>>> print(open('work-v2.txt').read())   # compact mmCIF, C-alpha atoms
# COMPACT_ATOMS: atom_id res chain seq x y z
CA MET Z 15 24.02 34.39 -18.55
CA HIS Z 16 21.78 36.97 -16.91
CA GLU Z 17 19.03 36.35 -19.52
CA SER Z 18 19.30 32.60 -18.94
CA LYS Z 19 18.76 33.09 -15.22
CA ILE Z 20 15.71 35.27 -15.87
CA ILE Z 21 14.24 32.57 -18.14
CA ASP Z 22 14.87 29.91 -15.48
CA ASP Z 23 13.14 32.09 -12.89
CA ILE Z 24 10.13 32.54 -15.16
CA ILE Z 25 9.90 28.79 -15.81
CA GLU Z 26 10.07 28.07 -12.09
CA GLU Z 27 7.42 30.70 -11.41
CA ILE Z 28 5.10 29.16 -14.02
CA HIS Z 29 5.69 25.70 -12.55
CA GLY Z 30 4.59 27.01 -9.18
CA ILE Z 31 1.44 28.58 -10.61
CA ILE Z 32 0.44 25.63 -12.82
CA PRO Z 33 1.59 22.41 -11.10
CA LYS Z 34 1.53 19.10 -12.93
CA VAL Z 35 -1.71 17.16 -12.36
CA LEU Z 36 -1.26 13.38 -12.20
CA ASP Z 37 -3.73 10.95 -13.70
CA VAL Z 38 -6.09 9.36 -11.18
CA SER Z 39 -9.01 7.01 -11.79
CA ASP Z 40 -12.39 8.71 -12.05
CA ASN Z 41 -13.80 5.98 -9.81
CA ILE Z 42 -12.64 7.38 -6.47
CA VAL Z 43 -14.97 6.44 -3.64
CA GLY Z 44 -14.69 6.81 0.12
CA MET Z 45 -11.50 8.90 0.22
CA ASP Z 46 -12.80 12.30 1.29
CA SER Z 47 -12.29 11.85 5.03
CA CYS Z 48 -8.92 10.21 4.48
CA LEU Z 49 -7.68 13.09 2.34
CA GLU Z 50 -9.01 15.67 4.78
CA THR Z 51 -7.11 13.96 7.60
CA LEU Z 52 -3.87 13.79 5.63
CA ILE Z 53 -4.06 17.39 4.43
CA SER Z 54 -4.73 18.52 7.99
CA SER Z 55 -1.82 16.44 9.32
CA LEU Z 56 0.59 18.04 6.84
CA ASN Z 57 0.01 21.54 8.31
CA THR Z 58 1.27 23.14 5.11
CA HIS Z 59 0.67 26.62 6.53
CA LEU Z 60 3.43 26.09 9.12
CA ASN Z 61 7.20 26.32 8.76
CA GLY Z 62 9.45 23.44 9.68
CA VAL Z 63 9.77 20.09 7.92
CA ARG Z 64 7.06 17.48 8.38
CA MET Z 65 6.98 13.81 7.39
CA VAL Z 66 3.72 11.88 7.10
CA GLY Z 67 3.42 8.12 6.57
CA VAL Z 68 0.48 6.29 4.99
CA TYR Z 69 0.36 2.54 5.62
CA GLY Z 70 -1.96 -0.37 4.98
CA LEU Z 71 -2.57 -3.69 3.29
CA GLY Z 72 -1.58 -4.17 -0.35
CA GLY Z 73 -4.43 -3.12 -2.62
CA ILE Z 74 -6.04 -0.91 0.03
CA GLY Z 75 -5.63 2.24 -2.10
CA LYS Z 76 -2.44 3.90 -0.83
CA THR Z 77 -1.18 4.82 -4.29
CA THR Z 78 -4.52 6.33 -5.32
CA ILE Z 79 -4.64 8.30 -2.08
CA ILE Z 80 -1.13 9.72 -2.37
CA THR Z 81 -1.66 10.59 -6.06
CA THR Z 82 -4.91 12.40 -5.27
CA LEU Z 83 -3.19 14.13 -2.35
CA HIS Z 84 -0.48 15.34 -4.74
CA ASN Z 85 -3.07 16.89 -7.03
CA LYS Z 86 -4.78 18.67 -4.14
CA ILE Z 87 -1.71 20.24 -2.51
CA SER Z 88 0.94 20.52 -5.24
CA ASN Z 89 -0.07 24.12 -5.99
CA ARG Z 90 1.37 25.06 -2.59
CA PHE Z 91 4.90 24.05 -3.66
CA ARG Z 92 7.19 25.07 -6.49
CA SER Z 93 9.51 22.07 -6.24
CA ILE Z 94 7.87 18.64 -6.30
CA SER Z 95 9.12 15.09 -6.73
CA PHE Z 96 6.88 12.02 -6.83
CA LEU Z 97 8.75 8.71 -6.85
CA THR Z 98 6.44 5.79 -7.66
CA ASN Z 99 7.04 2.07 -7.11
CA VAL Z 100 10.10 2.76 -4.96
CA THR Z 101 10.44 -0.89 -3.93
CA GLY Z 102 10.25 -2.17 -7.49
CA GLU Z 103 12.74 0.40 -8.76
CA SER Z 104 15.13 -0.24 -5.87
CA THR Z 105 15.56 -3.90 -6.83
CA LYS Z 106 16.95 -2.98 -10.26
CA ASP Z 107 20.65 -2.34 -10.96
CA SER Z 108 21.72 0.84 -9.16
CA GLY Z 109 18.08 1.27 -8.22
CA ILE Z 110 18.41 3.58 -5.22
CA LEU Z 111 21.08 5.64 -6.98
CA LYS Z 112 18.72 6.17 -9.93
CA LEU Z 113 15.94 7.21 -7.54
CA GLN Z 114 18.31 9.70 -5.90
CA GLN Z 115 19.10 11.05 -9.36
CA VAL Z 116 15.40 11.45 -10.18
CA LEU Z 117 14.81 13.14 -6.83
CA ASP Z 118 17.59 15.64 -7.49
CA ASP Z 119 16.61 16.19 -11.13
CA THR Z 120 12.91 16.81 -10.48
CA LEU Z 121 13.16 19.25 -7.60
CA GLY Z 122 14.05 22.20 -9.81
CA VAL Z 123 17.66 22.66 -8.66
CA ARG Z 124 19.72 24.29 -11.39
CA GLY Z 125 22.95 22.66 -12.51
CA GLN Z 126 22.00 19.02 -12.56
CA LEU Z 127 24.69 16.57 -11.51
CA THR Z 128 25.30 12.98 -12.49
CA LEU Z 129 25.54 11.03 -9.25
CA LYS Z 130 28.32 8.43 -9.04
CA ASN Z 131 27.25 6.47 -5.96
CA ILE Z 132 24.64 6.35 -3.20
CA HIS Z 133 26.80 8.19 -0.67
CA GLU Z 134 27.36 11.05 -3.09
CA GLY Z 135 23.62 11.03 -3.70
CA VAL Z 136 22.91 11.53 0.00
CA LYS Z 137 25.35 14.44 0.19
CA VAL Z 138 23.95 16.13 -2.92
CA ILE Z 139 20.37 15.83 -1.69
CA LYS Z 140 21.30 17.33 1.68
CA ASP Z 141 23.43 20.12 0.19
CA ARG Z 142 21.03 21.14 -2.57
CA LEU Z 143 17.69 20.77 -0.80
CA SER Z 144 18.42 21.88 2.77
CA SER Z 145 17.45 25.47 1.98
CA LYS Z 146 14.62 24.67 -0.42
CA LYS Z 147 10.90 24.17 0.30
CA VAL Z 148 9.91 20.94 -1.45
CA LEU Z 149 7.12 18.40 -1.64
CA VAL Z 150 8.43 14.83 -1.87
CA LEU Z 151 6.13 11.81 -2.24
CA LEU Z 152 7.54 8.28 -2.06
CA ASP Z 153 5.15 5.49 -2.98
CA ASP Z 154 5.75 1.94 -1.72
CA ILE Z 155 8.74 2.01 0.62
CA ASP Z 156 9.55 -1.39 2.13
CA ASP Z 157 13.17 -1.14 3.28
CA SER Z 158 14.99 1.09 5.75
CA ARG Z 159 17.77 1.74 3.21
CA GLN Z 160 15.27 3.43 0.92
CA PHE Z 161 14.35 5.78 3.76
CA GLU Z 162 17.96 6.45 4.74
CA HIS Z 163 19.18 7.21 1.23
CA LEU Z 164 16.22 9.18 -0.10
CA VAL Z 165 14.68 11.16 2.80
CA GLY Z 166 17.07 10.42 5.63
CA LYS Z 167 16.35 13.24 8.06
CA HIS Z 168 14.15 16.30 8.44
CA SER Z 169 17.30 18.47 8.27
CA TRP Z 170 17.90 17.42 4.65
CA PHE Z 171 15.07 19.69 3.52
CA GLY Z 172 14.28 23.38 3.78
CA HIS Z 173 11.64 25.00 5.98
CA GLY Z 174 8.10 24.32 4.87
CA SER Z 175 9.00 21.04 3.13
CA ARG Z 176 6.61 18.11 3.33
CA ILE Z 177 7.52 14.43 2.84
CA VAL Z 178 4.77 11.83 2.31
CA ILE Z 179 5.56 8.10 2.29
CA THR Z 180 3.40 5.04 1.64
CA THR Z 181 4.31 1.55 2.84
CA ARG Z 182 2.87 -1.79 3.88
CA LYS Z 183 5.17 -1.80 6.92
CA LYS Z 184 4.13 0.38 9.82
CA TYR Z 185 7.31 -0.28 11.78
CA LEU Z 186 9.43 1.45 9.09
CA LEU Z 187 7.52 4.68 9.64
CA ARG Z 188 7.91 4.38 13.39
CA ALA Z 189 11.64 3.61 13.15
CA HIS Z 190 12.20 6.55 10.82
CA GLY Z 191 10.49 8.96 13.18
CA VAL Z 192 7.76 10.30 10.90
CA ASP Z 193 5.60 12.98 12.48
CA TYR Z 194 2.23 11.40 11.70
CA MET Z 195 1.10 7.90 10.67
CA TYR Z 196 -2.20 7.19 8.95
CA GLU Z 197 -3.61 3.69 8.45
CA VAL Z 198 -5.81 3.24 5.38
CA ASP Z 199 -8.80 1.14 6.40
CA LYS Z 200 -11.01 -0.99 4.17
CA LEU Z 201 -14.19 0.53 2.72
CA ASN Z 202 -17.50 0.12 4.49
CA ASN Z 203 -20.23 -1.84 2.69
CA VAL Z 204 -21.95 1.21 1.21
CA LYS Z 205 -18.77 2.71 -0.24
CA ALA Z 206 -17.56 -0.71 -1.36
CA LEU Z 207 -20.78 -1.30 -3.30
CA GLN Z 208 -20.47 2.13 -4.94
CA LEU Z 209 -16.87 1.45 -5.99
CA PHE Z 210 -17.67 -2.02 -7.32
CA CYS Z 211 -20.66 -0.74 -9.30
CA SER Z 212 -18.60 2.07 -10.81
CA TYR Z 213 -16.51 -0.62 -12.52
CA ALA Z 214 -19.18 -3.27 -13.10
CA PHE Z 215 -21.95 -0.94 -14.34
CA LYS Z 216 -20.21 2.43 -14.85
CA HIS Z 217 -22.43 4.07 -12.23
CA HIS Z 218 -22.86 3.76 -8.46
CA LEU Z 219 -25.87 1.44 -8.27
CA PRO Z 220 -26.42 -2.19 -9.41
CA LYS Z 221 -28.49 -2.87 -12.51
CA LYS Z 222 -31.85 -4.51 -12.11
CA GLY Z 223 -31.41 -8.23 -11.51
CA TYR Z 224 -27.81 -7.85 -10.30
CA ARG Z 225 -28.35 -6.43 -6.80
CA ASP Z 226 -27.98 -9.65 -4.78
CA LEU Z 227 -25.04 -10.83 -6.88
CA SER Z 228 -23.34 -7.46 -6.43
CA ILE Z 229 -23.77 -7.70 -2.66
CA HIS Z 230 -22.21 -11.18 -2.66
CA ILE Z 231 -19.19 -9.91 -4.61
CA VAL Z 232 -18.80 -6.94 -2.25
CA GLN Z 233 -18.95 -9.27 0.76
CA TYR Z 234 -16.25 -11.44 -0.81
CA ALA Z 235 -14.00 -8.41 -1.48
CA ASP Z 236 -14.35 -7.35 2.18
CA GLY Z 237 -13.80 -3.66 1.46
CA LEU Z 238 -10.50 -4.05 -0.44
CA PRO Z 239 -10.50 -1.49 -3.29
CA LEU Z 240 -8.19 -3.57 -5.49
CA ALA Z 241 -10.54 -6.56 -5.32
CA LEU Z 242 -13.59 -4.40 -6.01
CA LYS Z 243 -11.88 -2.86 -9.04
CA VAL Z 244 -10.58 -6.16 -10.45
CA LEU Z 245 -13.84 -8.04 -10.02
CA GLY Z 246 -15.98 -5.14 -11.20
CA SER Z 247 -13.91 -4.82 -14.38
CA LEU Z 248 -14.00 -8.59 -14.88
CA LEU Z 249 -17.80 -8.72 -14.67
CA PHE Z 250 -18.51 -5.62 -16.75
CA ARG Z 251 -21.14 -6.38 -19.42
CA LYS Z 252 -21.32 -10.04 -18.34
CA GLU Z 253 -24.63 -11.87 -18.05
CA VAL Z 254 -26.13 -13.09 -14.77
CA LYS Z 255 -25.06 -16.69 -15.47
CA ASP Z 256 -21.45 -15.52 -15.87
CA TRP Z 257 -21.62 -13.68 -12.55
CA LYS Z 258 -22.90 -16.80 -10.81
CA SER Z 259 -20.17 -18.88 -12.40
CA GLU Z 260 -17.47 -16.42 -11.29
CA LEU Z 261 -18.82 -16.39 -7.73
CA ARG Z 262 -18.69 -20.20 -7.57
CA LYS Z 263 -15.13 -20.09 -8.87
CA LEU Z 264 -14.07 -17.46 -6.31
CA GLU Z 265 -15.37 -19.63 -3.49
CA GLN Z 266 -12.94 -22.35 -4.59
CA VAL Z 267 -9.99 -20.49 -6.09
CA PRO Z 268 -8.94 -16.87 -5.35
CA ASN Z 269 -8.49 -14.41 -8.20
CA MET Z 270 -4.78 -14.44 -9.06
CA GLU Z 271 -4.51 -10.73 -9.91
CA ILE Z 272 -5.66 -9.93 -6.37
CA THR Z 273 -3.63 -12.70 -4.73
CA ASN Z 274 -0.41 -11.69 -6.47
CA VAL Z 275 -0.60 -8.21 -4.92
CA LEU Z 276 -1.33 -9.59 -1.44
CA LYS Z 277 1.37 -12.25 -1.71
CA ILE Z 278 4.14 -9.69 -2.19
CA SER Z 279 4.00 -8.97 1.54
CA TYR Z 280 3.78 -12.67 2.45
CA ASP Z 281 6.92 -13.43 0.45
CA GLY Z 282 8.77 -10.86 2.55
CA LEU Z 283 8.14 -12.72 5.82
CA ASP Z 284 10.67 -15.05 7.39
CA ASP Z 285 9.79 -18.75 7.78
CA THR Z 286 8.51 -18.45 11.34
CA GLN Z 287 6.36 -15.43 10.51
CA LYS Z 288 4.93 -17.30 7.52
CA MET Z 289 3.95 -20.27 9.69
CA ILE Z 290 2.33 -18.03 12.29
CA PHE Z 291 0.41 -16.26 9.52
CA LEU Z 292 -0.80 -19.59 8.13
CA ASP Z 293 -1.82 -20.83 11.58
CA ILE Z 294 -3.91 -17.70 12.10
CA ALA Z 295 -5.37 -17.73 8.58
CA CYS Z 296 -6.41 -21.37 8.80
CA PHE Z 297 -7.77 -21.71 12.32
CA LEU Z 298 -6.83 -18.94 14.77
CA LYS Z 299 -8.52 -15.95 13.14
CA GLY Z 300 -11.14 -14.46 15.47
CA LYS Z 301 -9.58 -16.03 18.55
CA ASN Z 302 -8.47 -14.30 21.73
CA MET Z 303 -4.96 -12.85 21.55
CA GLU Z 304 -3.83 -14.48 24.81
CA ALA Z 305 -5.12 -17.89 23.72
CA VAL Z 306 -3.44 -17.56 20.32
CA THR Z 307 -0.14 -16.62 21.97
CA THR Z 308 -0.34 -19.67 24.24
CA ILE Z 309 -1.06 -22.00 21.29
CA LEU Z 310 1.78 -20.59 19.19
CA ASP Z 311 4.25 -20.67 22.07
CA GLY Z 312 3.32 -24.33 22.47
CA SER Z 313 4.47 -24.86 18.88
CA GLU Z 314 7.84 -23.39 19.86
CA PHE Z 315 7.25 -20.18 17.94
CA ASN Z 316 8.19 -16.83 19.43
CA ALA Z 317 4.53 -15.84 19.40
CA GLU Z 318 4.79 -12.25 20.64
CA SER Z 319 7.51 -11.33 18.15
CA GLY Z 320 5.70 -13.05 15.27
CA ILE Z 321 2.33 -11.49 16.03
CA ASN Z 322 3.88 -8.03 16.36
CA ALA Z 323 5.58 -8.50 12.97
CA LEU Z 324 2.26 -9.42 11.36
CA VAL Z 325 0.53 -6.42 12.92
CA ASP Z 326 3.30 -4.10 11.72
CA ARG Z 327 2.96 -5.49 8.19
CA CYS Z 328 -0.86 -5.13 8.19
CA PHE Z 329 -1.54 -8.88 7.98
CA ILE Z 330 -3.57 -8.87 11.18
CA ALA Z 331 -5.07 -6.41 13.64
CA ILE Z 332 -5.87 -6.71 17.33
CA SER Z 333 -9.36 -5.52 18.20
CA LYS Z 334 -10.22 -3.52 21.32
CA ASP Z 335 -11.39 -6.71 23.01
CA LYS Z 336 -8.06 -8.42 22.16
CA MET Z 337 -9.27 -10.62 19.31
CA ILE Z 338 -7.15 -11.49 16.27
CA GLU Z 339 -8.60 -9.99 13.07
CA MET Z 340 -7.55 -10.75 9.49
CA HIS Z 341 -8.92 -9.60 6.15
CA ASP Z 342 -11.02 -12.28 4.44
CA LEU Z 343 -8.90 -12.25 1.28
CA LEU Z 344 -5.72 -12.77 3.31
CA THR Z 345 -7.44 -15.69 5.02
CA GLN Z 346 -8.33 -17.21 1.66
CA MET Z 347 -4.79 -16.63 0.38
CA GLY Z 348 -3.35 -18.38 3.43
CA LYS Z 349 -5.52 -21.45 2.91
CA GLU Z 350 -4.63 -21.52 -0.78
CA ILE Z 351 -0.91 -21.40 0.09
CA VAL Z 352 -1.36 -24.34 2.44
CA TYR Z 353 -3.26 -26.29 -0.20
CA LYS Z 354 -0.56 -25.73 -2.83
CA GLU Z 355 2.33 -26.48 -0.48
CA CYS Z 356 0.63 -29.65 0.70
CA HIS Z 357 -0.20 -30.92 -2.78
CA ASN Z 358 2.54 -29.51 -5.01
CA GLY Z 359 5.66 -29.05 -2.96
CA PRO Z 360 7.54 -30.71 -0.10
CA LEU Z 361 8.48 -27.47 1.72
CA ARG Z 362 7.69 -28.19 5.40
CA GLU Z 363 5.27 -30.80 4.06
CA ALA Z 364 4.41 -32.32 7.42
CA TYR Z 365 3.58 -28.91 8.89
CA TYR Z 366 1.43 -27.80 5.98
CA GLY Z 367 -0.16 -31.23 5.77
CA ASP Z 368 -1.31 -31.01 9.38
CA ILE Z 369 -2.94 -27.64 8.74
CA TRP Z 370 -4.59 -28.84 5.54
CA MET Z 371 -6.06 -31.88 7.25
CA PHE Z 372 -7.45 -29.59 9.96
CA ILE Z 373 -9.17 -27.10 7.64
CA LYS Z 374 -10.35 -29.81 5.23
CA TYR Z 375 -12.16 -31.80 7.85
>>> encode(input="work-v2.txt", output="C-alpha cells")
Amino acid sequence: MHESKIIDDIIEEIHGIIPKVLDVSDNIVGMDSCLETLISSLNTHLNGVRMVGVYGLGGIGKTTIITTLHNKISNRFRSISFLTNVTGESTKDSGILKLQQVLDDTLGVRGQLTLKNIHEGVKVIKDRLSSKKVLVLLDDIDDSRQFEHLVGKHSWFGHGSRIVITTRKKYLLRAHGVDYMYEVDKLNNVKALQLFCSYAFKHHLPKKGYRDLSIHIVQYADGLPLALKVLGSLLFRKEVKDWKSELRKLEQVPNMEITNVLKISYDGLDDTQKMIFLDIACFLKGKNMEAVTTILDGSEFNAESGINALVDRCFIAISKDKMIEMHDLLTQMGKEIVYKECHNGPLREAYYGDIWMFIKY
C-alpha cells in the first residue's frame, strides 16, 4: 500500500512537470493581446479562487483561445480538467452527470467514484476539490444548470484554483458572478487577411493575381475567424475563375458551414427575440438605439428587453454613439431566414412576408 502511494505521488509529480499539450491549429493569428489579457486577469501568482469568462459570437475563436490558454498556463497546475463542447454533451442522456464524472476523474483525485446522480456529483466535486488547487476549463456553456452543477461556487475549489469558461451568452457569466469577463472581438482587416491567406495559400500573403479577390473575401467574412478558415480552405488551390464564381455565390447564398454555427444561437432565442433580431438584420442595423426602440415598441414588442437579450447573446452591440451594430454575416443570415420562411414555410408568414417585401424592393 505504501509503495502504491509512492508511485501515485511520482505520477502526479511527473504530470505537474510535463503537462498535456492540446492540439491547436498552426494558423493562429491575432490572439497575442487576447491571451496576454486573459493570463493577466487570471493572476495565477495569487491565492484564492478566480473565475474568468470568455464570451463572443459563434465562430469568433473562443475554443482556439481557451485551448491555447491551456497550453500556456497548464504547467502551473498539477490537476487540470478541460471539458469541451459542454452544451453538446449536456444534451445527451445523463449529459451533465457524465461531465461531472469526467471532471472528478481527470483532476487527479485518488479513489475514483462512480457518480449516481447530479446531486451526488455536486457533493463529490465540493468534497474532493475544496482543498485542491486545480485548473478547470469549460468550453461552450449555454445554460445556468451547467454552471451550477459543474463549477457552482468559488468555495468548491482549493486556494489557487482557476476556472475559465467560454460562452456565447454574456449574461450567464454575469449571473454566475465570475471575477472577470473578456469579449472576443472580430479580427481587424490586416489580421483577417493574414488568417485567410494562411488557409488559402499556406502563408500570410496573397499570391500574385489573387490580392483583390482575397480582400473581397476578407471584407465578406467581416473579421470572423470561422468564416476566414472555411472560405480559405474552400478556395485553396482553386483558380481565379473559381474564386470569382464563389464570390458571386456568396453574395446570393451564405455558406452553410458558417451559417450553421451562427444559427445555433438564433435557434435558442424565443419568438419575440427572433423577430426583433430579424427586424434589426433586415432594416434597423446602423440605426439609432432610441429610434429602434420606438419602432419596435410600436410593433408591440418589449423592445428594451429584446435588445438587451440580443446584446447579451452577442447578436448586436451598441456603439458609443448609441447606434445598433451587427456583424455582416449575422445580417446575411437574418435575411436568408426571412427569405426561407417567406417562401418555404407558413410560420408567421405575414410578418416575414412584410419584411421580405421591404428588403426586396
>>> closest_residue(input="work-v2.txt", among="Z:Gln208, Z:Gln266, Z:Gln160, Z:Asn203", to="His190 (chain Z)", atoms="only C-alpha atoms")
Z:Gln160
>>> closest_residue(input="work-v2.txt", among="Z:Ile155, Z:Tyr224, Z:Ile179, Z:Gly246", to="Ser212 (chain Z)", atoms="only C-alpha atoms")
Z:Gly246
>>> atom_distance(input="work-v2.txt", atom1="CA of Phe91 (chain Z)", atom2="CA of Glu134 (chain Z)")
26.0 Å
>>> atom_distance(input="work-v2.txt", atom1="CA of Glu162 (chain Z)", atom2="CA of Ser54 (chain Z)")
25.9 Å
>>> closest_residue(input="work-v2.txt", among="Z:Leu186, Z:Ile321, Z:Cys328, Z:Leu207", to="Leu219 (chain Z)", atoms="all atoms listed in the file")
Z:Leu207
>>> closest_residue(input="work-v2.txt", among="Z:Gly172, Z:Asp284, Z:His230, Z:Lys334", to="Arg262 (chain Z)", atoms="all atoms listed in the file")
Z:His230
>>> axis_aligned_box(input="work-v2.txt", around="region 149-154 of chain Z", padding_each_side="4 Å", output="JSON")
{"center_x": 6.8, "center_y": 10.2, "center_z": -2.3, "size_x": 11.3, "size_y": 24.5, "size_z": 9.3}
>>> residues_around(input="work-v2.txt", residues="Leu276 (chain Z)", least_positions_apart="2", cutoff="9 Å", atoms="only C-alpha atoms", output="list in words")
Leu71, Gly72, Gly73, Ile272, Thr273, Asn274, Ile278, Ser279, Tyr280, Leu343, Leu344 and Met347 of chain Z
>>> residues_around(input="work-v2.txt", residues="region 127-133 of chain Z", least_positions_apart="3", cutoff="8 Å", atoms="only C-alpha atoms", output="list in words")
Ile110, Leu111, Gln114, Gln115, Val136, Lys137 and His163 of chain Z
>>> atom_distance(input="work-v2.txt", atom1="CA of Lys255 (chain Z)", atom2="CA of Gly223 (chain Z)")
11.3 Å
>>> residues_near_point(input="work-v2.txt", point="(3.6, 11.6, 14.5)", cutoff="12 Å", atoms="all atoms listed in the file", output="PyMOL selection string")
chain Z and resi 52+55-56+64-68+187-196
>>> build_atoms(input="work-v2.txt", residues="region 282-290 of chain Z", atoms="all heavy atoms", output="short mmCIF file (atom, residue, chain, number, x, y, z; two decimals), in the frame of the given file")
data_model
loop_
_atom_site.label_atom_id
_atom_site.label_comp_id
_atom_site.auth_asym_id
_atom_site.auth_seq_id
_atom_site.Cartn_x
_atom_site.Cartn_y
_atom_site.Cartn_z
N GLY Z 282 7.76 -11.58 1.79
CA GLY Z 282 8.77 -10.86 2.55
C GLY Z 282 8.90 -11.28 4.00
O GLY Z 282 9.77 -10.78 4.73
N LEU Z 283 8.07 -12.21 4.44
CA LEU Z 283 8.14 -12.72 5.82
C LEU Z 283 9.23 -13.77 5.95
O LEU Z 283 9.57 -14.45 4.98
CB LEU Z 283 6.80 -13.34 6.23
CG LEU Z 283 5.57 -12.43 6.22
CD1 LEU Z 283 4.32 -13.25 6.53
CD2 LEU Z 283 5.72 -11.29 7.21
N ASP Z 284 9.76 -13.93 7.17
CA ASP Z 284 10.67 -15.05 7.39
C ASP Z 284 9.85 -16.31 7.62
O ASP Z 284 8.62 -16.26 7.72
CB ASP Z 284 11.66 -14.78 8.53
CG ASP Z 284 10.99 -14.64 9.89
OD1 ASP Z 284 9.98 -15.32 10.14
OD2 ASP Z 284 11.51 -13.87 10.73
N ASP Z 285 10.51 -17.47 7.71
CA ASP Z 285 9.79 -18.75 7.78
C ASP Z 285 8.87 -18.83 8.99
O ASP Z 285 7.73 -19.32 8.89
CB ASP Z 285 10.78 -19.92 7.80
CG ASP Z 285 11.37 -20.19 6.42
OD1 ASP Z 285 10.89 -19.57 5.44
OD2 ASP Z 285 12.31 -20.99 6.31
N THR Z 286 9.34 -18.38 10.14
CA THR Z 286 8.51 -18.45 11.34
C THR Z 286 7.29 -17.55 11.22
O THR Z 286 6.17 -17.94 11.58
CB THR Z 286 9.33 -18.05 12.59
OG1 THR Z 286 10.42 -18.96 12.74
CG2 THR Z 286 8.46 -18.09 13.84
N GLN Z 287 7.48 -16.34 10.70
CA GLN Z 287 6.36 -15.43 10.51
C GLN Z 287 5.35 -16.00 9.53
O GLN Z 287 4.14 -15.85 9.72
CB GLN Z 287 6.89 -14.08 10.02
CG GLN Z 287 7.69 -13.32 11.07
CD GLN Z 287 8.52 -12.20 10.48
OE1 GLN Z 287 8.61 -12.04 9.26
NE2 GLN Z 287 9.15 -11.41 11.34
N LYS Z 288 5.84 -16.67 8.48
CA LYS Z 288 4.93 -17.30 7.52
C LYS Z 288 4.08 -18.38 8.19
O LYS Z 288 2.87 -18.47 7.97
CB LYS Z 288 5.72 -17.92 6.36
CG LYS Z 288 6.27 -16.91 5.38
CD LYS Z 288 7.06 -17.59 4.27
CE LYS Z 288 7.58 -16.56 3.27
NZ LYS Z 288 8.40 -17.19 2.21
N MET Z 289 4.69 -19.19 9.03
CA MET Z 289 3.95 -20.27 9.69
C MET Z 289 2.93 -19.72 10.68
O MET Z 289 1.82 -20.26 10.79
CB MET Z 289 4.93 -21.24 10.37
CG MET Z 289 5.71 -22.08 9.36
SD MET Z 289 6.66 -23.42 10.10
CE MET Z 289 8.07 -22.52 10.72
N ILE Z 290 3.29 -18.66 11.38
CA ILE Z 290 2.33 -18.03 12.29
C ILE Z 290 1.16 -17.45 11.49
O ILE Z 290 -0.01 -17.60 11.88
CB ILE Z 290 3.02 -16.94 13.14
CG1 ILE Z 290 4.00 -17.60 14.13
CG2 ILE Z 290 1.99 -16.10 13.89
CD1 ILE Z 290 4.81 -16.61 14.94
#
